[in-house]
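Asker: Take a look at query01.txt, compact mmCIF, C-alpha atoms:
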```
# COMPACT_ATOMS: atom_id res chain seq x y z
CA MET T 995 -61.37 -29.69 -89.42
CA HIS T 996 -57.74 -29.33 -90.55
CA PHE T 997 -56.95 -31.79 -93.33
CA LEU T 998 -53.25 -31.12 -92.95
CA SER T 999 -51.27 -29.90 -89.96
CA PRO T 1000 -50.58 -26.14 -89.86
CA LEU T 1001 -46.88 -27.01 -90.19
CA LEU T 1002 -47.46 -28.84 -93.47
CA GLU T 1003 -49.85 -26.15 -94.73
CA ASN T 1004 -47.18 -23.52 -94.13
CA TYR T 1005 -44.54 -25.69 -95.84
CA ILE T 1006 -46.77 -26.13 -98.92
CA THR T 1007 -47.43 -22.40 -99.14
CA GLU T 1008 -43.78 -21.46 -98.65
CA ASN T 1009 -42.71 -23.86 -101.39
CA SER T 1010 -45.33 -22.80 -103.92
CA GLU T 1011 -45.44 -19.77 -106.20
CA ALA T 1012 -45.29 -16.48 -104.28
CA GLU T 1013 -48.42 -14.40 -103.79
CA PRO T 1014 -48.44 -11.30 -106.02
CA PRO T 1015 -48.10 -8.07 -103.99
CA LEU T 1016 -51.47 -6.76 -105.21
CA LEU T 1017 -53.22 -9.81 -103.79
CA THR T 1018 -51.37 -9.44 -100.49
CA GLU T 1019 -52.72 -5.88 -100.37
CA LEU T 1020 -56.23 -7.08 -101.20
CA THR T 1021 -56.06 -9.72 -98.47
CA ARG T 1022 -55.00 -7.12 -95.92
CA GLU T 1023 -57.84 -4.75 -96.85
CA THR T 1024 -60.38 -7.57 -96.85
CA HIS T 1025 -59.41 -8.49 -93.28
CA LEU T 1026 -59.62 -4.86 -92.21
CA LYS T 1027 -62.91 -3.89 -93.81
CA VAL T 1028 -65.07 -6.88 -94.75
CA ILE T 1029 -67.17 -9.27 -92.68
CA GLN T 1030 -66.03 -12.92 -92.70
CA PRO T 1031 -62.58 -12.31 -94.23
CA ARG T 1032 -61.85 -16.05 -94.03
CA MET T 1033 -64.00 -16.36 -97.16
CA ILE T 1034 -61.17 -14.91 -99.25
CA THR T 1035 -59.51 -17.48 -101.51
CA GLY T 1036 -56.01 -16.99 -100.10
CA HIS T 1037 -52.44 -17.46 -101.26
CA PHE T 1038 -52.12 -21.21 -101.93
CA GLN T 1039 -55.54 -21.83 -103.43
CA GLY T 1040 -55.21 -18.63 -105.42
CA ARG T 1041 -51.99 -19.91 -107.01
CA VAL T 1042 -53.73 -23.20 -107.78
CA LEU T 1043 -56.54 -21.33 -109.57
CA SER T 1044 -54.01 -19.21 -111.42
CA LEU T 1045 -52.00 -22.21 -112.62
CA LEU T 1046 -55.11 -24.14 -113.67
CA SER T 1047 -56.27 -21.12 -115.65
CA LYS T 1048 -52.88 -20.78 -117.32
CA LEU T 1049 -52.95 -24.47 -118.27
CA ILE T 1050 -56.44 -24.16 -119.74
CA ASN T 1051 -55.81 -20.70 -121.29
CA PRO T 1052 -59.55 -19.94 -121.44
CA LYS T 1053 -61.23 -17.46 -123.77
CA ASN T 1054 -64.12 -16.94 -121.35
CA ILE T 1055 -64.37 -17.57 -117.61
CA LEU T 1056 -67.50 -17.49 -115.44
CA GLU T 1057 -67.14 -16.91 -111.71
CA ILE T 1058 -70.12 -17.30 -109.40
CA GLY T 1059 -69.33 -15.46 -106.17
CA THR T 1060 -66.84 -12.60 -106.43
CA TYR T 1061 -66.49 -11.61 -102.75
CA THR T 1062 -63.66 -9.02 -102.77
CA GLY T 1063 -62.19 -10.13 -106.10
CA TYR T 1064 -59.18 -12.22 -105.10
CA SER T 1065 -60.10 -15.36 -107.02
CA ALA T 1066 -61.21 -13.39 -110.08
CA ILE T 1067 -57.77 -11.82 -110.41
CA CYS T 1068 -56.11 -15.24 -109.98
CA LEU T 1069 -58.31 -16.79 -112.67
CA ALA T 1070 -57.82 -13.83 -115.01
CA GLU T 1071 -54.07 -14.50 -115.05
CA GLY T 1072 -54.66 -17.35 -117.51
CA LEU T 1073 -57.08 -15.58 -119.85
CA GLN T 1074 -56.35 -15.26 -123.54
CA LYS T 1075 -55.43 -11.68 -124.47
CA ASP T 1076 -58.88 -11.04 -125.94
CA GLY T 1077 -60.68 -13.12 -123.30
CA GLU T 1078 -63.20 -12.07 -120.67
CA LEU T 1079 -63.98 -13.05 -117.10
CA HIS T 1080 -67.58 -12.52 -116.00
CA THR T 1081 -67.96 -12.52 -112.24
CA ILE T 1082 -71.26 -12.45 -110.35
CA GLU T 1083 -71.77 -11.17 -106.81
CA ILE T 1084 -75.06 -10.66 -105.00
CA ASN T 1085 -73.65 -8.17 -102.45
CA GLU T 1086 -73.52 -4.81 -104.21
CA GLU T 1087 -71.63 -3.23 -101.30
CA LEU T 1088 -68.47 -5.02 -102.45
CA HIS T 1089 -68.65 -3.70 -106.02
CA GLN T 1090 -66.43 -0.65 -105.56
CA MET T 1091 -63.71 -2.56 -103.69
CA GLN T 1092 -63.68 -5.26 -106.37
CA ARG T 1093 -63.40 -2.68 -109.15
CA TYR T 1094 -60.55 -0.85 -107.44
CA TYR T 1095 -58.40 -4.01 -107.33
CA PHE T 1096 -59.48 -5.23 -110.75
CA ASP T 1097 -58.34 -1.94 -112.24
CA LYS T 1098 -55.04 -2.07 -110.32
CA SER T 1099 -54.36 -5.50 -111.83
CA ASP T 1100 -53.29 -6.18 -115.40
CA TYR T 1101 -56.74 -7.53 -116.23
CA GLY T 1102 -59.12 -4.72 -115.36
CA ASN T 1103 -60.45 -4.31 -118.88
CA GLN T 1104 -61.09 -8.07 -119.11
CA ILE T 1105 -63.04 -8.49 -115.86
CA ILE T 1106 -66.75 -7.74 -116.14
CA GLN T 1107 -68.78 -7.44 -112.95
CA HIS T 1108 -72.40 -8.45 -112.52
CA ILE T 1109 -74.44 -7.67 -109.41
CA GLY T 1110 -77.46 -9.83 -108.63
CA ASP T 1111 -78.69 -13.41 -108.51
CA ALA T 1112 -76.51 -15.76 -110.55
CA GLU T 1113 -79.50 -17.91 -111.49
CA ASP T 1114 -81.00 -14.89 -113.26
CA ILE T 1115 -77.77 -13.51 -114.73
CA ILE T 1116 -76.15 -16.65 -116.19
CA PRO T 1117 -78.92 -17.39 -118.74
CA SER T 1118 -78.59 -13.83 -120.04
CA LEU T 1119 -74.89 -14.24 -120.88
CA ASP T 1120 -74.52 -15.04 -124.56
CA LEU T 1121 -71.15 -16.77 -124.19
CA CYS T 1122 -69.61 -20.23 -124.03
CA PHE T 1123 -67.35 -20.59 -120.99
CA ASP T 1124 -64.16 -22.65 -121.02
CA MET T 1125 -63.80 -22.37 -117.26
CA VAL T 1126 -66.30 -21.89 -114.41
CA PHE T 1127 -65.62 -21.28 -110.72
CA ILE T 1128 -68.51 -21.79 -108.29
CA ASP T 1129 -68.03 -20.23 -104.86
CA ALA T 1130 -71.30 -18.70 -103.65
CA GLN T 1131 -74.30 -19.84 -101.58
CA LYS T 1132 -73.79 -23.55 -100.89
CA VAL T 1133 -77.50 -24.37 -100.86
CA ASN T 1134 -77.67 -23.16 -104.47
CA TYR T 1135 -74.68 -25.09 -105.85
CA ASP T 1136 -76.87 -27.49 -107.82
CA ALA T 1137 -78.76 -24.61 -109.46
CA TYR T 1138 -75.52 -22.75 -110.23
CA PHE T 1139 -74.03 -25.88 -111.77
CA GLU T 1140 -77.05 -26.48 -113.99
CA ALA T 1141 -77.10 -22.87 -115.15
CA ALA T 1142 -73.36 -22.91 -115.81
CA ILE T 1143 -73.07 -26.24 -117.60
CA ALA T 1144 -75.64 -25.01 -120.13
CA LYS T 1145 -73.07 -22.36 -121.08
CA THR T 1146 -70.13 -24.74 -121.53
CA THR T 1147 -68.88 -27.14 -124.18
CA SER T 1148 -66.96 -30.42 -124.26
CA GLY T 1149 -63.65 -29.95 -122.45
CA SER T 1150 -64.80 -27.02 -120.32
CA ILE T 1151 -63.72 -27.12 -116.67
CA ILE T 1152 -66.08 -26.43 -113.76
CA LEU T 1153 -64.49 -25.84 -110.35
CA SER T 1154 -66.58 -25.95 -107.18
CA ASP T 1155 -65.15 -24.59 -103.92
CA ASN T 1156 -65.72 -25.58 -100.27
CA VAL T 1157 -67.05 -29.04 -101.12
CA LEU T 1158 -65.60 -30.61 -97.96
CA TRP T 1159 -67.09 -27.88 -95.76
CA SER T 1160 -64.61 -28.16 -92.89
CA GLY T 1161 -65.16 -31.92 -92.82
CA LYS T 1162 -68.88 -31.63 -92.08
CA VAL T 1163 -69.68 -33.72 -95.17
CA VAL T 1164 -68.49 -36.86 -93.34
CA GLU T 1165 -70.12 -36.06 -90.01
CA THR T 1166 -73.67 -36.52 -88.74
CA VAL T 1167 -75.68 -33.69 -90.26
CA ASP T 1168 -77.87 -31.50 -88.08
CA PRO T 1169 -81.36 -31.37 -89.67
CA SER T 1170 -81.17 -27.57 -89.64
CA ASP T 1171 -77.82 -27.50 -91.48
CA LYS T 1172 -79.04 -26.99 -95.03
CA ALA T 1173 -75.63 -26.02 -96.42
CA THR T 1174 -73.95 -29.29 -95.42
CA ALA T 1175 -76.88 -31.37 -96.68
CA ALA T 1176 -76.79 -29.50 -99.99
CA LEU T 1177 -73.04 -30.08 -100.42
CA ILE T 1178 -73.35 -33.80 -99.67
CA ALA T 1179 -76.06 -34.07 -102.32
CA TYR T 1180 -74.02 -31.96 -104.74
CA ASN T 1181 -70.88 -34.07 -104.35
CA LYS T 1182 -72.88 -37.24 -104.95
CA LYS T 1183 -74.58 -35.68 -107.98
CA LEU T 1184 -71.28 -34.73 -109.64
CA LYS T 1185 -69.79 -38.18 -109.06
CA ASN T 1186 -72.76 -39.80 -110.81
CA ASP T 1187 -73.44 -37.16 -113.47
CA PRO T 1188 -72.60 -38.63 -116.91
CA ARG T 1189 -72.09 -35.13 -118.34
CA VAL T 1190 -68.87 -34.63 -116.38
CA GLU T 1191 -65.86 -36.49 -115.03
CA THR T 1192 -65.01 -35.32 -111.54
CA VAL T 1193 -62.34 -35.47 -108.85
CA ILE T 1194 -62.30 -33.77 -105.47
CA LEU T 1195 -58.98 -32.17 -104.61
CA PRO T 1196 -58.22 -31.81 -100.86
CA ILE T 1197 -57.10 -28.23 -101.33
CA ARG T 1198 -58.00 -25.93 -98.46
CA ASP T 1199 -61.74 -26.64 -97.86
CA GLY T 1200 -62.10 -28.97 -100.84
CA LEU T 1201 -62.07 -28.07 -104.53
CA THR T 1202 -63.95 -30.15 -107.09
CA LEU T 1203 -62.53 -30.32 -110.60
CA SER T 1204 -65.13 -31.39 -113.17
CA ARG T 1205 -64.48 -31.74 -116.89
CA VAL T 1206 -67.45 -31.53 -119.23
CA ARG T 1207 -67.50 -34.63 -121.45
```
Could you write out this structure as structure tokens?
Answerer:
Amino acid sequence: MHFLSPLLENYITENSEAEPPLLTELTRETHLKVIQPRMITGHFQGRVLSLLSKLINPKNILEIGTYTGYSAICLAEGLQKDGELHTIEINEELHQMQRYYFDKSDYGNQIIQHIGDAEDIIPSLDLCFDMVFIDAQKVNYDAYFEAAIAKTTSGSIILSDNVLWSGKVVETVDPSDKATAALIAYNKKLKNDPRVETVILPIRDGLTLSRVR
């Protein structure tokens, strides 16, 4: 489902901040070498993440789901000079590609990679995160959120990607479609969770912005 016409989407992109050349290069390589390249964050949403991070100016960022590293670099643009971004990816085959682009960016020494299951890794991180970005297995969003919110404080921001799931969240759900069912439950949970105040932004495939109370 397209929430906006391609013409409007192009207009929005063309009249927003330009994509840094390094991220254009990363996008090109992702499409050439990696399965499901549409999973990459992309120009417009990447600039949204970058600007949000710059507004928050976080000391520590947690990212759940690195993929090829595009969103991590965008988020790192707003880090404090002594800040860190911890990014978790379950697919170890992407590690080298991520590291190559992290080190080509201005934030290589601030981006720390973790390979494995986020539910196991997050509790081991002895940090308080000002900003969290969830973009991994949709069926596990609730578990990721619970693990992450335990590592935040009042005023921390938790972003959740793909919460509109190509419009499937407002369609009849196939009983075998566990991802859509999980996202519907997750969206309802965040709306009613007294620990956060939440809005869904119709950016790309849906981006939830939750502020920890």
Asker: Pick the closest to Ile1058 (chain T) from T:Gly1040, T:Gly1110, T:Pro1169, T:Gly1102: which is it, counting only C-alpha atoms?
Answerer: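 Among the listed residues, T:Gly1110 lies closest to Ile1058 (chain T).
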Asker: Out of T:Leu1184, T:Ile1143, T:Val1167, T:Ile1151, which residue has the shortest atom-to-atom distance to Arg1205 (chain T) when counting only C-alpha atoms?
Answerer: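 Using only C-alpha atoms, the shortest distance to Arg1205 (chain T) belongs to T:Ile1151.
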Asker: Set the distance at 12 Å and use all atoms listed in the file: which residues neighbour region 1046-1053 of chain T once local chain neighbours fewer than 4 positions away are removed? I'd like the list as a VMD selection string.
Answerer: chain T and resid 1039 to 1042 1065 to 1080 1104 1121 to 1127 1146 1149 to 1153 1203 1205
Asker: Please measure the separation of CA of Pro1000 (chain T) and CA of Arg1198 (chain T), giving the value in Å to one decimal.
Answerer: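 Separation between CA of Pro1000 (chain T) and CA of Arg1198 (chain T): 11.4 Å.
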Asker: What does the distance between CA of Lys1132 (chain T) and CA of Asn1156 (chain T) come to in Å, to one decimal place?
Answerer: 8.3 Å
Asker: Applying 8 Å and only C-alpha atoms, which residues near region 1026-1038 of chain T remain after dropping the ones on its own chain fewer than 5 positions away? List them as a list in words.
Answerer: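 Contacts, with the query itself left out: Ile1006, Thr1007, Ser1010, Ala1012, Glu1013, Thr1021, Tyr1061, Thr1062, Tyr1064 and Ser1065 of chain T.
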Asker: Would you compute the distance between CA of Glu1087 (chain T) and CA of Leu1017 (chain T)? Give it in Å to one decimal.
Answerer: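 These two atoms are separated by 19.7 Å.
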Asker: Could you check which of T:Glu1003, T:Asp1120, T:Asp1199, T:Asp1111 is closest to Ser1160 (chain T), using only C-alpha atoms?
Answerer: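 Result for the nearest residue to Ser1160 (chain T): T:Asp1199.
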Asker: Would you please work out which residue, of T:His1025, T:Asp1129, T:Thr1060, T:Glu1011, is nearest to Leu1045 (chain T) when using only C-alpha atoms?
Answerer: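 Smallest separation from Leu1045 (chain T) among the options: T:Glu1011.
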Asker: Please, what is the axis-aligned box for every listed atom of region 1186-1192 of chain T with 6 Å on each side, as centre and edge lengths in Å to one decimal, as JSON?
Answerer:
```
{"center_x": -69.2, "center_y": -37.2, "center_z": -114.6, "size_x": 20.4, "size_y": 17.2, "size_z": 19.5}
```
Asker: Pick out the closest residue to Leu1020 (chain T) from this set: T:Ser1204, T:Ser999, T:Gln1092, T:Ser1118. Count all atoms listed in the file.
Answerer: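 Among T:Ser1204, T:Ser999, T:Gln1092, T:Ser1118, it is T:Gln1092 that comes nearest to Leu1020 (chain T).
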